[in-house]
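Written below as structure tokens is the structure these notes are about.
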Amino acid sequence: MQDIAKWLAKYQSDGVRIGIKELIHYQGKTALLNLSPRKTVQAKLAGAYLAKTKGRGMEFDEARHYQAGDDIRAIDWRVTARTGKTHTKLYREEKERPVFVLTDLSSSMQFGTQFLFKSVQAAHLSALIAWSARKRGDRIGGLVFNQFQHIECKPFTRQKAVLSLLNSMMKVQQGAQHQESTLNEEPITLANACARLRRLAHPGSLVFIISDFSQLDEIAKQHIAQLSKHCEVIAYPISDPFEHRLPQVKMSQRVTLSDGQNRQQIVLGEKDTEVLYCNQHQAQFDKIENTLKQCKAQVIQIDAGSPLELQLDRLSGSRYK
């Protein structure tokens with residue numbers, strides 16, 4: 001409990017609301033993420049990533065024997081003098097790769113039992129991605145949504161783009177916790193958000209989807225699969241420890257759970273109940289992960305019950321400082 005209090009104090013966070021100071025904290029933690037592309041970059045604009053096509057550019061790739069039609073200005077005179085045969089320099093063309101972050105702050109994300117709400121952890125991860133992209137010179141854009149509203153952030157390279165995304169998350173989080181749906185209002189779903197993201201993300205983009213994926217239906221699956229055909233998609237399922245196993249208690253007791261509207265009772269301290277609960281929820285998490293992998297997305301599980309820095313540090317295998 002003391003460790004949790006120390007981390008919350010470090011973030012200047014209460015674990016429930018999203019504040020600008022805790023999001024700016026990640027500006028100094030960009031080493032935790034590696035945004036190097038795993039797929040061929042397809043964007044046409046100049047940028048900081050190397051394409052597999054070879055041509056004139058800023059990054060030297062290799063020297064090869066001179067061929068008819070090669071630009072004589074590209075002759076590598078040192079290699080030519082050393083080998084006695086004419087060689088020409090080849091370069092890898094640099095291309096740009098915009099980064100898009102889809103952040104789910106809907107009602108199912110407004111839950112947490114040990115450290116942060118899932119929505120707050122999602123915002124922390126989104127902030128880290130945005131700051132990392134800015135440091136590398138990528139354009140950063142995003143889409144933040146809850147069941148009532150969505151905000152689209154067009155991709156820019158300046159710090160203003162990062163701050164726009166951070167402010168959007170704070171605004172949408174506040175709306176998720178205070179707004180109420182009307183009878184005539186169609187709720188915004190993960191599928192809706194992914195459909196909008198497909199219109200925003202151009203081929204060659206790096207796309208992050210941060211959600212608990214509780215709304216991962218067939219339509220959302222189709223949109224993610226289509227995104228993966230032209231973009232590199234990384235999915236971060238966010239979960240809370242309570243969603244994996246029931247709290248351990250010394251004596252059997254009945255507790256009441258509520259989502260603000262519905263109430264349900266559950267018995268703690270019964271072995272059979274604990275096993276059934278664990279197995280059912282693990283099957284659901286496995287289904288989500290397998291579905292995302294079928295969509296050709298890279299899947300990285302994130303826990304809302306511990307600091308993001310510690311989790312990413314373990315994943316990268318580096319030593320936390």
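Ligands are numbered from 1 in the order shown, residues from 1 within each chain, and chains are lettered A, B, ... in the order they appear in the structure tokens.
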Give me every alpha helix (DSSP H) residue in segment 74-203 of chain A, going by DSSP on the backbone, as a ChimeraX atom specification. /A:77-83,118-136,159-178,190-200
What is the distance, in Å and to one decimal place, between atom CA of Cys295 of chain A and atom CA of Ala201 of chain A?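 Value for the atom CA of Cys295 of chain A-atom CA of Ala201 of chain A distance: 16.4 Å.
If you look at atom CA of Ile219 of chain A and atom CA of Cys194 of chain A, they are 9.1 Å away from each other.
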With a distance cut-off of 9 Å and only C-alpha atoms, select the neighbouring residues of segment 120-130 of chain A, excluding the residue or stretch itself and same-chain residues fewer than 4 positions from it, and output the selection as a PyMOL selection string. chain A and resi 15-18+22-30+32-33+35+99-105+109-110+116+134-135+140-141+161-162+165-166+169-170+173+208+210-211+236+238+302-305+307-308
Output N, CA and C atoms for every residue in the selection just made, as a short mmCIF file (atom, residue, chain, number, x, y, z; two decimals), in the first residue's frame.
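Writing the result to part_14.cif gives the following:
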```cif
data_model
loop_
_atom_site.label_atom_id
_atom_site.label_comp_id
_atom_site.auth_asym_id
_atom_site.auth_seq_id
_atom_site.Cartn_x
_atom_site.Cartn_y
_atom_site.Cartn_z
N GLY A 15 -5.25 8.37 -9.37
CA GLY A 15 -5.58 7.06 -9.93
C GLY A 15 -6.92 6.97 -10.60
N VAL A 16 -7.74 8.01 -10.48
CA VAL A 16 -9.11 7.99 -11.02
C VAL A 16 -9.28 8.99 -12.15
N ARG A 17 -8.84 10.23 -11.88
CA ARG A 17 -8.90 11.28 -12.89
C ARG A 17 -7.57 11.34 -13.64
N ILE A 18 -7.58 12.00 -14.79
CA ILE A 18 -6.37 12.19 -15.58
C ILE A 18 -5.92 13.64 -15.46
N GLU A 22 0.73 14.23 -14.64
CA GLU A 22 1.09 12.81 -14.74
C GLU A 22 1.34 12.39 -16.17
N LEU A 23 0.72 13.08 -17.14
CA LEU A 23 0.94 12.75 -18.55
C LEU A 23 2.25 13.36 -19.06
N ILE A 24 2.60 14.56 -18.59
CA ILE A 24 3.87 15.18 -18.96
C ILE A 24 5.04 14.41 -18.35
N HIS A 25 4.78 13.71 -17.24
CA HIS A 25 5.82 12.88 -16.60
C HIS A 25 6.51 11.96 -17.60
N TYR A 26 5.75 11.46 -18.58
CA TYR A 26 6.30 10.47 -19.51
C TYR A 26 7.16 11.08 -20.60
N GLN A 27 7.28 12.40 -20.63
CA GLN A 27 8.17 13.04 -21.58
C GLN A 27 9.61 12.60 -21.34
N GLY A 28 9.92 12.29 -20.09
CA GLY A 28 11.27 11.86 -19.76
C GLY A 28 11.45 10.35 -19.71
N LYS A 29 10.44 9.59 -20.19
CA LYS A 29 10.50 8.12 -20.12
C LYS A 29 10.45 7.47 -21.50
N THR A 30 10.81 8.20 -22.54
CA THR A 30 10.65 7.68 -23.91
C THR A 30 11.56 6.49 -24.21
N LEU A 32 11.64 3.86 -22.72
CA LEU A 32 10.91 2.62 -22.42
C LEU A 32 10.26 2.01 -23.65
N LEU A 33 10.11 2.79 -24.72
CA LEU A 33 9.45 2.31 -25.93
C LEU A 33 10.40 2.32 -27.11
N LEU A 35 10.03 2.46 -31.03
CA LEU A 35 9.07 2.68 -32.11
C LEU A 35 9.63 2.33 -33.48
N VAL A 99 2.24 8.31 -36.59
CA VAL A 99 1.85 7.45 -35.47
C VAL A 99 0.46 7.88 -35.01
N PHE A 100 -0.44 6.90 -34.91
CA PHE A 100 -1.81 7.17 -34.45
C PHE A 100 -2.08 6.35 -33.19
N VAL A 101 -2.74 6.99 -32.23
CA VAL A 101 -3.09 6.32 -30.98
C VAL A 101 -4.60 6.37 -30.79
N LEU A 102 -5.23 5.22 -30.70
CA LEU A 102 -6.65 5.14 -30.38
C LEU A 102 -6.76 4.79 -28.90
N THR A 103 -7.38 5.67 -28.12
CA THR A 103 -7.47 5.49 -26.67
C THR A 103 -8.93 5.33 -26.26
N ASP A 104 -9.24 4.19 -25.69
CA ASP A 104 -10.60 3.87 -25.24
C ASP A 104 -10.77 4.31 -23.78
N LEU A 105 -11.68 5.26 -23.57
CA LEU A 105 -11.98 5.73 -22.21
C LEU A 105 -13.45 5.53 -21.89
N MET A 109 -13.76 0.99 -19.03
CA MET A 109 -12.40 1.38 -18.67
C MET A 109 -12.37 2.19 -17.37
N GLN A 110 -13.53 2.60 -16.88
CA GLN A 110 -13.60 3.38 -15.64
C GLN A 110 -13.66 2.44 -14.44
N LEU A 116 -4.44 2.12 -10.51
CA LEU A 116 -5.06 3.10 -11.39
C LEU A 116 -6.34 2.54 -12.01
N ARG A 134 7.13 12.00 -30.78
CA ARG A 134 7.64 13.36 -30.96
C ARG A 134 9.16 13.39 -30.90
N LYS A 135 9.75 12.64 -29.98
CA LYS A 135 11.20 12.62 -29.85
C LYS A 135 11.86 12.11 -31.13
N ILE A 140 2.30 12.83 -34.96
CA ILE A 140 1.48 12.09 -33.99
C ILE A 140 0.03 12.57 -34.09
N GLY A 141 -0.87 11.61 -34.24
CA GLY A 141 -2.29 11.90 -34.26
C GLY A 141 -3.01 10.89 -33.38
N ALA A 161 0.98 19.04 -30.95
CA ALA A 161 0.19 17.85 -31.28
C ALA A 161 0.08 16.92 -30.09
N VAL A 162 1.18 16.77 -29.34
CA VAL A 162 1.17 15.91 -28.16
C VAL A 162 0.23 16.50 -27.10
N LEU A 165 -3.38 15.95 -27.86
CA LEU A 165 -3.83 14.60 -27.53
C LEU A 165 -4.03 14.45 -26.03
N LEU A 166 -3.11 14.97 -25.23
CA LEU A 166 -3.22 14.86 -23.78
C LEU A 166 -4.46 15.58 -23.26
N MET A 169 -7.62 13.60 -24.00
CA MET A 169 -7.85 12.49 -23.08
C MET A 169 -8.45 12.97 -21.77
N MET A 170 -7.95 14.09 -21.27
CA MET A 170 -8.50 14.63 -20.02
C MET A 170 -9.96 15.04 -20.20
N GLN A 173 -12.12 11.79 -20.59
CA GLN A 173 -12.20 11.09 -19.32
C GLN A 173 -13.20 11.76 -18.39
N PHE A 208 -1.55 2.38 -32.71
CA PHE A 208 -1.68 1.79 -31.39
C PHE A 208 -3.16 1.82 -31.00
N ILE A 210 -5.46 1.10 -27.70
CA ILE A 210 -5.35 0.90 -26.26
C ILE A 210 -6.76 0.81 -25.69
N SER A 211 -7.13 -0.36 -25.17
CA SER A 211 -8.50 -0.61 -24.73
C SER A 211 -8.51 -1.87 -23.88
N TYR A 236 -2.82 -2.93 -27.19
CA TYR A 236 -2.50 -3.02 -25.76
C TYR A 236 -3.79 -3.30 -24.99
N ILE A 238 -5.80 -3.61 -21.80
CA ILE A 238 -5.62 -3.15 -20.43
C ILE A 238 -6.58 -3.92 -19.52
N ILE A 302 -1.22 -5.16 -20.69
CA ILE A 302 -0.84 -4.16 -19.69
C ILE A 302 -1.80 -4.26 -18.50
N ASP A 303 -1.23 -4.20 -17.30
CA ASP A 303 -1.97 -4.32 -16.05
C ASP A 303 -2.18 -2.93 -15.45
N ALA A 304 -3.42 -2.62 -15.06
CA ALA A 304 -3.70 -1.34 -14.41
C ALA A 304 -3.32 -1.35 -12.93
N GLY A 305 -2.88 -2.51 -12.43
CA GLY A 305 -2.59 -2.65 -11.01
C GLY A 305 -1.16 -2.37 -10.62
N PRO A 307 2.66 0.16 -11.82
CA PRO A 307 3.15 1.26 -12.64
C PRO A 307 3.55 0.81 -14.04
N LEU A 308 3.19 1.61 -15.02
CA LEU A 308 3.50 1.30 -16.42
C LEU A 308 5.00 1.19 -16.64
#
```
Please identify all polymer residues within 12 Å of Pro241 of chain A, counting only C-alpha atoms, omitting same-chain residues fewer than 5 positions from it, and present them as a ChimeraX atom specification. /A:111-118,246-248,278,281-282,302-306
Using DSSP on the backbone, list every residue of segment 114-213 of chain A that comes out as strand (DSSP E), and give them as JSON, numbers by chain. {"A": [140, 141, 142, 143, 144, 145, 150, 151, 152, 153, 154, 155, 156, 206, 207, 208, 209, 210, 211]}
Need the shell around Asp217 of chain A: protein/DNA/RNA residues with any atom at most 9 Å away, counting only C-alpha atoms. Skip same-chain ones fewer than 4 positions apart. Format as JSON, numbers by chain? {"A": [190, 191, 213, 221, 222]}
Could you write out that same residue set with N, CA, C and O atoms as a PDB file, in the first residue's frame?
```pdb
ATOM      1  N   LEU A 190     -16.262   0.538 -29.806  1.00  0.00           N
ATOM      2  CA  LEU A 190     -14.915   0.301 -30.330  1.00  0.00           C
ATOM      3  C   LEU A 190     -14.953   0.165 -31.844  1.00  0.00           C
ATOM      4  O   LEU A 190     -14.054   0.652 -32.544  1.00  0.00           O
ATOM      5  N   ALA A 191     -15.983  -0.485 -32.353  1.00  0.00           N
ATOM      6  CA  ALA A 191     -16.113  -0.635 -33.814  1.00  0.00           C
ATOM      7  C   ALA A 191     -16.243   0.720 -34.494  1.00  0.00           C
ATOM      8  O   ALA A 191     -15.616   0.973 -35.536  1.00  0.00           O
ATOM      9  N   PHE A 213     -10.842  -3.927 -24.741  1.00  0.00           N
ATOM     10  CA  PHE A 213     -11.399  -4.745 -25.817  1.00  0.00           C
ATOM     11  C   PHE A 213     -12.631  -5.540 -25.376  1.00  0.00           C
ATOM     12  O   PHE A 213     -12.919  -6.600 -25.917  1.00  0.00           O
ATOM     13  N   LYS A 221     -13.417  -6.296 -35.189  1.00  0.00           N
ATOM     14  CA  LYS A 221     -12.389  -7.210 -35.685  1.00  0.00           C
ATOM     15  C   LYS A 221     -12.097  -6.960 -37.164  1.00  0.00           C
ATOM     16  O   LYS A 221     -10.930  -6.927 -37.588  1.00  0.00           O
ATOM     17  N   GLN A 222     -13.121  -6.772 -37.958  1.00  0.00           N
ATOM     18  CA  GLN A 222     -12.938  -6.520 -39.389  1.00  0.00           C
ATOM     19  C   GLN A 222     -12.173  -5.228 -39.638  1.00  0.00           C
ATOM     20  O   GLN A 222     -11.280  -5.174 -40.496  1.00  0.00           O
TER      21      GLN A 222
END
```
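Distance-wise, atom CA of Lys154 of chain A and atom CA of Leu206 of chain A end up 14.3 Å apart.
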Tell me which of A:Leu268, A:Asn34, A:Ala74, A:Gln311 sits closest to Gln253 of chain A, counting only C-alpha atoms. A:Leu268
